[in-house]
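First the structure, in the form of structure tokens, and then the observations on it.
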Number of protein chains: 2
Amino acid sequence: MAVYTQLGATALAEIIAAFDVGALVSAKGISEGVSNSNWLIETDRARFILTMYEQRTDVSELPFFLGLLDHLAAHGCPVPRTIHDRAGQSHRFHQGKALALIEFLPGVSVNEPNPAQAHAVGAALARVHLAAADFAGTRSNSLGLADWQALIGACGAQGLASIDPGLAELVTQELAFLTQNWPQDLPRSVIHADLFPDNVLMLGDAVTGLIDFYFACTDITAYDLAITHAAWCFSDGGKRFDPAISQALLSGYQAIRPLAAQERAELPILARGAAMRFLATRSYDWLHTATDAMVTRKDPMAFARRLEFYSSPENAAIFGV
Amino acid sequence: MAVYTQLGATALAEIIAAFDVGALVSAKGISEGVSNSNWLIETDRARFILTMYEQRTDVSELPFFLGLLDHLAAHGCPVPRTIHDRAGQSHRFHQGKALALIEFLPGVSVNEPNPAQAHAVGAALARVHLAAADFAGTRSNSLGLADWQALIGACGAQGLASIDPGLAELVTQELAFLTQNWPQDLPRSVIHADLFPDNVLMLGDAVTGLIDFYFACTDITAYDLAITHAAWCFSDGGKRFDPAISQALLSGYQAIRPLAAQERAELPILARGAAMRFLATRSYDWLHTATDAMVTRKDPMAFARRLEFYSSPENAAIFGV
């Protein structure tokens with residue numbers, strides 16, 4: 001991953017000339033993003049990320065994704081702005097493929113976060129939620145409860161058993177529980193829905209960029225915190241929970257957007273849903289990715305372990321419940 | 001291709017701290033190089049390419065490759081300098097893998113060169129040959145005539161026939177001819193040996209960087225010009241020869257390093273060797289790369305067509321023979 005399209009110097013210069021950003025000085029294909037092609041572009045004025053959208057991105061959704069970046073950036077969130085072309089468009093087409101030019105942000109993704117970094121990420125996520133409140137765009141979540149069920153169904157009992165002997169029973173029980181108990185009345189907003197450490201740029205303990213909003217959608221606001229919790233608070237393949245990271249993330253978030261009592265009460269089940277969401281997609285991808293493809297398959301069991309952790313009643317206390 | 005190794009922020013910061021280059025600001029894995037992992041690194045002072053050498057690079061050869069870059073850069077050639085670490089070393093090790101930090105050069109690779117660009121590339125190659133004259137390092141060519149024979153042998157008649165019905169006969173005849181006639185007494189020097197457009201960075205018509213010296217070796221100097229000729233002067237899968245590019249490349253080279261009469265006389269056979277070298281490796285790779293691997297297989301026939309072009313006596317005139 002991930003440069004699916006080859007762009008020669010002529011094409012690159014032509015693309016860049018459509019924007020008022022100066023002359024092309026350098027372009028390097030970068031291995032970021034799993035479903036799009038990306039280049040780090042340098043002009044004589046600044047640096048940018050050029051993204052070309054491949055099959056997995058629905059072009060009709062680009063106004064939502066790109067409009068969201070502009071909205072959040074205008075509200076002071078550390079997200080990359082979309083550079084509009086000379087005609088004012090947020091995206092263009094090159095040989096039938098949509099592309100966008102996006103602000104380059106400094107920072108690197110941390111792989112072993114410390115509590116100060118988790119606190120900063122929690123606060124940045126809360127700021128996104130507050131800033132998104134008056135964003136007009138909406139997008140339904142294409143990876144909600146019904147989709148987890150469909151993905152697990154497509155794996156089949158035999159497929160799940162090939163991943164782990166106990167997996168089918170775990171997901172059957174959990175899907176039944178989530179179907180019965182998934183919250184219906186919690187506050188909703190646009191959420192990032194995929195805020196793993198990979199998608200956060202940091203310098204020291206400060207967040208310099210939240211990136212890759214291509215799963216963003218309208219859903220339960222606190223579910224985004226639950227996803228971020230599942231993404232940040234475990235190490236060693238989901239085997240080790242880090243209470244200091246958890247505490248810092250939750251308090252960083254609440255320093256900006258205090259959770260309502262009902263949101264806090266529902267966090268344990270939202271966290272079970274978050275673990276199920278990644279367990280479902282990873283199980284499906286595990287069974288449908290050729291083992292000799294040059295893509296690293298991500299172990300589904302890392303999220304089965306999180307699911308078991310969140311399902312255990314004594315662990316509800318980590319959310320102050 | 002190609003980030004084979006994952007490096008987290010902690011590891012990256014630790015690696016960069018071993019060099020006197022400032023603090024890490026950004027790191028993006030880039031899809032350059034087929035056998036190494038590369039990152040575009042930004043510090044608060046400058047930008048660099050970090051290369052981590054994977055299995056295909058013999059670490060004992062790094063002093064040759066990296067010393068060559070330093071030698072050529074010191075002689076004014078547009079090649080990236082190696083940044084030595086605080087202990088003065090040109091390469092270091094991280095978790096058992098060798099890595100080097102290399103100067104970042106501006107420019108983009110052209111895909112449809114014009115004659116002015118070909119002239120500039122010819123001149124840049126000639127400057128490398130002159131500058132390499134007093135470089136002390138030597139490295140034998142691991143892709144010489146004996147290796148072409150071995151690679152073609154490993155393809156087998158059936159394998160070659162699966163690529164093209166006429167390929168086995170073509171390579172058998174050509175290998176016999178080259179074995180009989182390969183020049184023995186031409187001037188030798190360090191050569192780049194892989195100067196395709198991919199490995200040249202340009203801004204406008206000027207060469208800003210010659211990169212990827214990992215095939216560099218000691219061999220016939222004019223053979224490097226023949227390789228560059230085969231790499232630059234054809235389009236449309238080797239079907240279309242561009243005489244204006246050819247003429248510009250050769251005159252650009254000779255403006256800096258005029259060819260001796262014997263070198264010019266042997267250029268047609270050197271060009272046949274150059275075409276055979278890439279035909280041999282591409283045929284081998286074609287038959288030994290899984291069709292579902294995420295690597296683009298390069299069509300061997302693009303070089304079979306060049307080989308036929310160079311073998312045709314009437315085409316010797318393009319070299320002034």
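Note on naming: chains are A, B, ... as they come in the structure tokens, residues start from 1 per chain, ligands start from 1 in the order shown.
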
Practice task
Pick out each residue of region 113-280 of chain A that DSSP on the backbone tags as helix (DSSP H, G or I); I need them as a VMD selection string.
Solution key: chain A and resid 115 to 132 145 to 163 167 to 181 197 to 199 221 to 232 243 to 256 261 to 280

Can you spit out the residues from that selection as a compact mmCIF listing (two decimals), in the first residue's frame, using C-alpha atoms?
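What follows is the written file out-v4.txt:
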```
# COMPACT_ATOMS: atom_id res chain seq x y z
CA PRO A 115 -0.31 9.40 29.12
CA ALA A 116 0.37 13.03 28.16
CA GLN A 117 -0.04 12.11 24.49
CA ALA A 118 -3.25 10.16 25.21
CA HIS A 119 -4.57 13.19 27.12
CA ALA A 120 -3.84 15.43 24.14
CA VAL A 121 -5.55 13.01 21.74
CA GLY A 122 -8.63 12.86 23.93
CA ALA A 123 -8.82 16.64 23.99
CA ALA A 124 -8.32 16.89 20.21
CA LEU A 125 -11.13 14.39 19.62
CA ALA A 126 -13.46 16.36 21.91
CA ARG A 127 -12.63 19.56 19.98
CA VAL A 128 -13.58 17.81 16.74
CA HIS A 129 -16.91 16.80 18.24
CA LEU A 130 -17.65 20.34 19.41
CA ALA A 131 -16.55 21.88 16.11
CA ALA A 132 -18.57 19.36 14.10
CA LEU A 145 -24.20 -2.93 13.94
CA ALA A 146 -26.04 -4.37 10.92
CA ASP A 147 -22.78 -4.34 8.97
CA TRP A 148 -20.89 -6.14 11.75
CA GLN A 149 -23.54 -8.84 11.59
CA ALA A 150 -23.26 -9.07 7.81
CA LEU A 151 -19.45 -9.25 7.90
CA ILE A 152 -19.46 -11.93 10.60
CA GLY A 153 -22.13 -13.82 8.65
CA ALA A 154 -19.92 -13.72 5.55
CA CYS A 155 -17.07 -15.23 7.56
CA GLY A 156 -19.20 -18.28 8.44
CA ALA A 157 -18.75 -20.53 11.48
CA GLN A 158 -16.01 -22.49 9.72
CA GLY A 159 -14.10 -19.36 8.76
CA LEU A 160 -14.30 -18.02 12.30
CA ALA A 161 -13.17 -21.38 13.68
CA SER A 162 -10.15 -21.27 11.36
CA ILE A 163 -9.15 -18.00 13.07
CA LEU A 167 -14.38 -17.02 18.08
CA ALA A 168 -17.77 -18.05 16.66
CA GLU A 169 -19.29 -18.41 20.12
CA LEU A 170 -17.87 -15.10 21.29
CA VAL A 171 -19.22 -13.09 18.35
CA THR A 172 -22.61 -14.83 18.41
CA GLN A 173 -23.10 -13.95 22.08
CA GLU A 174 -21.80 -10.42 21.67
CA LEU A 175 -23.83 -9.61 18.56
CA ALA A 176 -26.96 -10.79 20.36
CA PHE A 177 -26.11 -8.64 23.36
CA LEU A 178 -25.30 -5.57 21.26
CA THR A 179 -28.50 -5.95 19.23
CA GLN A 180 -30.51 -5.99 22.46
CA ASN A 181 -28.66 -3.21 24.18
CA PRO A 197 -2.40 6.20 16.52
CA ASP A 198 -1.63 5.91 12.76
CA ASN A 199 -4.13 8.68 12.13
CA THR A 221 -20.59 10.94 19.62
CA ALA A 222 -19.38 8.91 22.59
CA TYR A 223 -18.93 5.87 20.32
CA ASP A 224 -16.01 7.77 18.74
CA LEU A 225 -14.40 8.04 22.18
CA ALA A 226 -14.99 4.31 22.66
CA ILE A 227 -13.29 3.55 19.31
CA THR A 228 -10.37 5.77 20.26
CA HIS A 229 -10.18 4.02 23.63
CA ALA A 230 -10.03 0.61 21.98
CA ALA A 231 -7.41 1.92 19.54
CA TRP A 232 -5.06 3.52 22.11
CA PRO A 243 -4.95 1.97 32.79
CA ALA A 244 -2.80 5.13 32.78
CA ILE A 245 -3.38 5.67 29.04
CA SER A 246 -7.09 4.99 29.49
CA GLN A 247 -7.42 7.43 32.35
CA ALA A 248 -5.48 10.13 30.48
CA LEU A 249 -7.50 9.71 27.28
CA LEU A 250 -10.84 9.93 29.11
CA SER A 251 -9.82 12.90 31.22
CA GLY A 252 -8.32 14.70 28.20
CA TYR A 253 -11.60 14.27 26.38
CA GLN A 254 -13.72 15.41 29.32
CA ALA A 255 -11.56 18.45 29.94
CA ILE A 256 -13.01 19.79 26.65
CA ALA A 261 -24.23 10.90 32.74
CA GLN A 262 -26.00 8.72 30.20
CA GLU A 263 -23.03 8.79 27.83
CA ARG A 264 -20.69 7.70 30.62
CA ALA A 265 -23.09 4.96 31.68
CA GLU A 266 -23.19 3.58 28.15
CA LEU A 267 -19.43 3.71 27.50
CA PRO A 268 -18.87 0.03 28.39
CA ILE A 269 -21.34 -1.13 25.74
CA LEU A 270 -20.06 1.41 23.20
CA ALA A 271 -16.57 0.00 23.80
CA ARG A 272 -17.89 -3.53 23.19
CA GLY A 273 -19.34 -2.24 19.92
CA ALA A 274 -16.04 -0.61 18.99
CA ALA A 275 -14.14 -3.85 19.60
CA MET A 276 -16.77 -5.77 17.61
CA ARG A 277 -16.51 -3.33 14.68
CA PHE A 278 -12.79 -3.99 14.22
CA LEU A 279 -13.12 -7.69 15.05
CA ALA A 280 -15.73 -7.96 12.27
```

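Set the cut-off at 6 Å, count only C-alpha atoms, and the residues of chain B near chain A turn out to be Gly8, Ala9, Val25, Ser26, Gly29, Ile30, Ser31, Pro106, Gly107, Val108, Ser109, Val110, Asn111, Ala293 and Met294 of chain B.
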
Please save C-alpha atoms of the selected residues as an mmCIF file, in the first residue's frame.
```cif
data_model
loop_
_atom_site.group_PDB
_atom_site.id
_atom_site.type_symbol
_atom_site.label_atom_id
_atom_site.label_comp_id
_atom_site.auth_asym_id
_atom_site.auth_seq_id
_atom_site.Cartn_x
_atom_site.Cartn_y
_atom_site.Cartn_z
ATOM 1 C CA GLY B 8 7.499 3.805 14.999
ATOM 2 C CA ALA B 9 8.011 7.359 16.153
ATOM 3 C CA VAL B 25 9.452 16.808 12.483
ATOM 4 C CA SER B 26 7.932 14.387 9.993
ATOM 5 C CA GLY B 29 7.331 5.958 4.188
ATOM 6 C CA ILE B 30 7.896 6.391 0.453
ATOM 7 C CA SER B 31 7.272 3.918 -2.316
ATOM 8 C CA PRO B 106 14.572 18.231 -5.350
ATOM 9 C CA GLY B 107 13.240 17.241 -8.747
ATOM 10 C CA VAL B 108 10.838 14.790 -10.314
ATOM 11 C CA SER B 109 11.434 11.902 -12.691
ATOM 12 C CA VAL B 110 10.330 12.588 -16.247
ATOM 13 C CA ASN B 111 8.322 9.958 -18.051
ATOM 14 C CA ALA B 293 1.631 -10.271 -5.942
ATOM 15 C CA MET B 294 1.244 -6.519 -5.557
#
```

Exercise for the section: Can you pull out every residue within 9 Å of region 87-97 of chain B, counting only C-alpha atoms, but drop anything in the same chain fewer than 6 positions away, and send it as a VMD selection string? Expected result: chain B and resid 11 15 18 to 19 52 to 55 59 62 to 63 66 to 67

Since we have the selection now, will you write its residues out, keeping all heavy atoms, as an mmCIF file, in the first residue's frame?
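That gives us again.cif:
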```
data_model
loop_
_atom_site.group_PDB
_atom_site.id
_atom_site.type_symbol
_atom_site.label_atom_id
_atom_site.label_comp_id
_atom_site.auth_asym_id
_atom_site.auth_seq_id
_atom_site.Cartn_x
_atom_site.Cartn_y
_atom_site.Cartn_z
ATOM 1 N N ALA B 11 11.365 4.774 17.506
ATOM 2 C CA ALA B 11 12.528 4.264 16.787
ATOM 3 C C ALA B 11 13.078 5.320 15.830
ATOM 4 O O ALA B 11 14.296 5.529 15.745
ATOM 5 C CB ALA B 11 12.150 2.996 16.018
ATOM 6 N N ILE B 15 16.777 6.941 15.887
ATOM 7 C CA ILE B 15 17.680 6.842 14.731
ATOM 8 C C ILE B 15 18.181 8.226 14.342
ATOM 9 O O ILE B 15 19.383 8.433 14.142
ATOM 10 C CB ILE B 15 16.955 6.168 13.538
ATOM 11 C CG1 ILE B 15 16.755 4.674 13.816
ATOM 12 C CG2 ILE B 15 17.717 6.391 12.234
ATOM 13 C CD1 ILE B 15 15.772 3.987 12.872
ATOM 14 N N ALA B 18 20.926 10.007 16.309
ATOM 15 C CA ALA B 18 22.310 9.563 16.143
ATOM 16 C C ALA B 18 23.068 10.421 15.125
ATOM 17 O O ALA B 18 24.284 10.300 14.979
ATOM 18 C CB ALA B 18 22.336 8.098 15.706
ATOM 19 N N PHE B 19 22.342 11.281 14.426
ATOM 20 C CA PHE B 19 22.955 12.173 13.434
ATOM 21 C C PHE B 19 22.799 13.622 13.919
ATOM 22 O O PHE B 19 21.819 13.951 14.598
ATOM 23 C CB PHE B 19 22.244 12.028 12.080
ATOM 24 C CG PHE B 19 22.320 10.651 11.488
ATOM 25 C CD1 PHE B 19 21.393 9.676 11.839
ATOM 26 C CD2 PHE B 19 23.321 10.321 10.565
ATOM 27 C CE1 PHE B 19 21.461 8.396 11.292
ATOM 28 C CE2 PHE B 19 23.381 9.046 10.021
ATOM 29 C CZ PHE B 19 22.457 8.082 10.382
ATOM 30 N N MET B 52 16.543 1.922 4.774
ATOM 31 C CA MET B 52 16.856 0.729 5.553
ATOM 32 C C MET B 52 17.048 -0.410 4.561
ATOM 33 O O MET B 52 16.195 -0.648 3.705
ATOM 34 C CB MET B 52 15.732 0.417 6.536
ATOM 35 C CG MET B 52 16.052 -0.777 7.399
ATOM 36 S SD MET B 52 14.956 -0.866 8.839
ATOM 37 C CE MET B 52 15.830 0.173 10.001
ATOM 38 N N TYR B 53 18.199 -1.067 4.660
ATOM 39 C CA TYR B 53 18.566 -2.087 3.676
ATOM 40 C C TYR B 53 17.968 -3.422 4.068
ATOM 41 O O TYR B 53 18.160 -3.899 5.188
ATOM 42 C CB TYR B 53 20.092 -2.158 3.550
ATOM 43 C CG TYR B 53 20.645 -0.826 3.079
ATOM 44 C CD1 TYR B 53 21.130 0.110 3.979
ATOM 45 C CD2 TYR B 53 20.595 -0.485 1.734
ATOM 46 C CE1 TYR B 53 21.584 1.350 3.552
ATOM 47 C CE2 TYR B 53 21.047 0.757 1.295
ATOM 48 C CZ TYR B 53 21.535 1.667 2.212
ATOM 49 O OH TYR B 53 21.971 2.900 1.794
ATOM 50 N N GLU B 54 17.223 -3.993 3.148
ATOM 51 C CA GLU B 54 16.592 -5.287 3.395
ATOM 52 C C GLU B 54 17.478 -6.382 2.804
ATOM 53 O O GLU B 54 18.597 -6.122 2.357
ATOM 54 C CB GLU B 54 15.185 -5.292 2.788
ATOM 55 C CG GLU B 54 14.319 -4.110 3.238
ATOM 56 C CD GLU B 54 13.867 -4.186 4.704
ATOM 57 O OE1 GLU B 54 13.994 -5.248 5.331
ATOM 58 O OE2 GLU B 54 13.395 -3.152 5.226
ATOM 59 N N GLN B 55 16.959 -7.597 2.763
ATOM 60 C CA GLN B 55 17.794 -8.762 2.423
ATOM 61 C C GLN B 55 18.611 -8.628 1.146
ATOM 62 O O GLN B 55 19.723 -9.134 1.058
ATOM 63 C CB GLN B 55 16.940 -10.038 2.313
ATOM 64 C CG GLN B 55 16.396 -10.564 3.625
ATOM 65 C CD GLN B 55 15.075 -9.906 3.992
ATOM 66 O OE1 GLN B 55 14.794 -8.792 3.553
ATOM 67 N NE2 GLN B 55 14.269 -10.563 4.788
ATOM 68 N N VAL B 59 25.324 -5.949 3.043
ATOM 69 C CA VAL B 59 25.818 -4.853 3.894
ATOM 70 C C VAL B 59 27.307 -4.603 3.687
ATOM 71 O O VAL B 59 27.778 -3.465 3.788
ATOM 72 C CB VAL B 59 25.503 -5.166 5.377
ATOM 73 C CG1 VAL B 59 26.191 -4.171 6.298
ATOM 74 C CG2 VAL B 59 23.998 -5.127 5.608
ATOM 75 N N LEU B 62 27.971 -1.766 1.350
ATOM 76 C CA LEU B 62 27.539 -0.387 1.630
ATOM 77 C C LEU B 62 28.693 0.617 1.600
ATOM 78 O O LEU B 62 28.514 1.727 1.086
ATOM 79 C CB LEU B 62 26.793 -0.308 2.965
ATOM 80 C CG LEU B 62 25.373 -0.886 2.942
ATOM 81 C CD1 LEU B 62 24.727 -0.709 4.311
ATOM 82 C CD2 LEU B 62 24.531 -0.207 1.869
ATOM 83 N N PRO B 63 29.870 0.281 2.131
ATOM 84 C CA PRO B 63 30.968 1.263 2.035
ATOM 85 C C PRO B 63 31.258 1.654 0.584
ATOM 86 O O PRO B 63 31.574 2.814 0.301
ATOM 87 C CB PRO B 63 32.150 0.520 2.665
ATOM 88 C CG PRO B 63 31.501 -0.417 3.640
ATOM 89 C CD PRO B 63 30.240 -0.886 2.945
ATOM 90 N N LEU B 66 27.958 3.888 -0.584
ATOM 91 C CA LEU B 66 27.842 5.168 0.122
ATOM 92 C C LEU B 66 29.101 6.011 -0.085
ATOM 93 O O LEU B 66 29.023 7.238 -0.241
ATOM 94 C CB LEU B 66 27.574 4.915 1.610
ATOM 95 C CG LEU B 66 26.274 4.132 1.878
ATOM 96 C CD1 LEU B 66 26.154 3.789 3.363
ATOM 97 C CD2 LEU B 66 25.047 4.907 1.398
ATOM 98 N N GLY B 67 30.260 5.343 -0.146
ATOM 99 C CA GLY B 67 31.507 6.069 -0.425
ATOM 100 C C GLY B 67 31.471 6.678 -1.817
ATOM 101 O O GLY B 67 31.976 7.787 -2.052
#
```

Handout entry: Residue list (strand (DSSP E or B), DSSP) for region 33-230 of chain A, as a ChimeraX atom specification
Key = /A:36-43,47-53,82-83,92-94,97-103,107-108,140,188-191,200-203,206-210,217-220

Problem - CA of Asn36 (chain A) to CA of Thr208 (chain A), distance in Å rounded to a single decimal - result: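 According to the coordinates, CA of Asn36 (chain A) and CA of Thr208 (chain A) are separated by 22.3 Å.
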
Practice task
For region 78-82 of chain B, please output as a ChimeraX atom specification all residues within 6 Å (counting only C-alpha atoms; exclusion window: fewer than 2 positions along the same chain).
Solution key: /B:69-70,73,102-103,208-210

Convert the current residue selection to file output with N, CA, C and O atoms, as a PDB file, in the first residue's frame.
```pdb
ATOM      1  N   LEU B  69      28.782   7.728  -3.420  1.00  0.00           N
ATOM      2  CA  LEU B  69      27.934   8.933  -3.376  1.00  0.00           C
ATOM      3  C   LEU B  69      28.736  10.124  -2.856  1.00  0.00           C
ATOM      4  O   LEU B  69      28.691  11.222  -3.424  1.00  0.00           O
ATOM      5  N   ASP B  70      29.465   9.917  -1.783  1.00  0.00           N
ATOM      6  CA  ASP B  70      30.242  11.014  -1.199  1.00  0.00           C
ATOM      7  C   ASP B  70      31.318  11.498  -2.175  1.00  0.00           C
ATOM      8  O   ASP B  70      31.539  12.701  -2.318  1.00  0.00           O
ATOM      9  N   ALA B  73      29.570  13.400  -5.079  1.00  0.00           N
ATOM     10  CA  ALA B  73      29.045  14.689  -4.620  1.00  0.00           C
ATOM     11  C   ALA B  73      30.190  15.679  -4.404  1.00  0.00           C
ATOM     12  O   ALA B  73      30.089  16.854  -4.773  1.00  0.00           O
ATOM     13  N   ILE B 102      20.448   9.959   3.883  1.00  0.00           N
ATOM     14  CA  ILE B 102      20.974  10.475   2.625  1.00  0.00           C
ATOM     15  C   ILE B 102      20.320  11.820   2.334  1.00  0.00           C
ATOM     16  O   ILE B 102      19.145  12.031   2.666  1.00  0.00           O
ATOM     17  N   GLU B 103      21.083  12.699   1.739  1.00  0.00           N
ATOM     18  CA  GLU B 103      20.593  14.031   1.397  1.00  0.00           C
ATOM     19  C   GLU B 103      19.332  13.939   0.524  1.00  0.00           C
ATOM     20  O   GLU B 103      19.241  13.093  -0.358  1.00  0.00           O
ATOM     21  N   THR B 208      18.731  17.448 -11.481  1.00  0.00           N
ATOM     22  CA  THR B 208      18.964  17.852 -10.088  1.00  0.00           C
ATOM     23  C   THR B 208      19.435  16.679  -9.230  1.00  0.00           C
ATOM     24  O   THR B 208      19.950  16.885  -8.139  1.00  0.00           O
ATOM     25  N   GLY B 209      19.272  15.466  -9.746  1.00  0.00           N
ATOM     26  CA  GLY B 209      19.706  14.324  -8.947  1.00  0.00           C
ATOM     27  C   GLY B 209      19.824  13.044  -9.760  1.00  0.00           C
ATOM     28  O   GLY B 209      18.950  12.728 -10.559  1.00  0.00           O
ATOM     29  N   LEU B 210      20.923  12.326  -9.567  1.00  0.00           N
ATOM     30  CA  LEU B 210      21.045  10.945 -10.045  1.00  0.00           C
ATOM     31  C   LEU B 210      20.971  10.099  -8.776  1.00  0.00           C
ATOM     32  O   LEU B 210      21.707  10.353  -7.818  1.00  0.00           O
TER      33      LEU B 210
END
```

Exercise for the section: Mind giving me the straight-line distance from CA of Arg188 (chain A) to CA of Asn315 (chain A) in Å, one decimal? Expected result: 25.1 Å
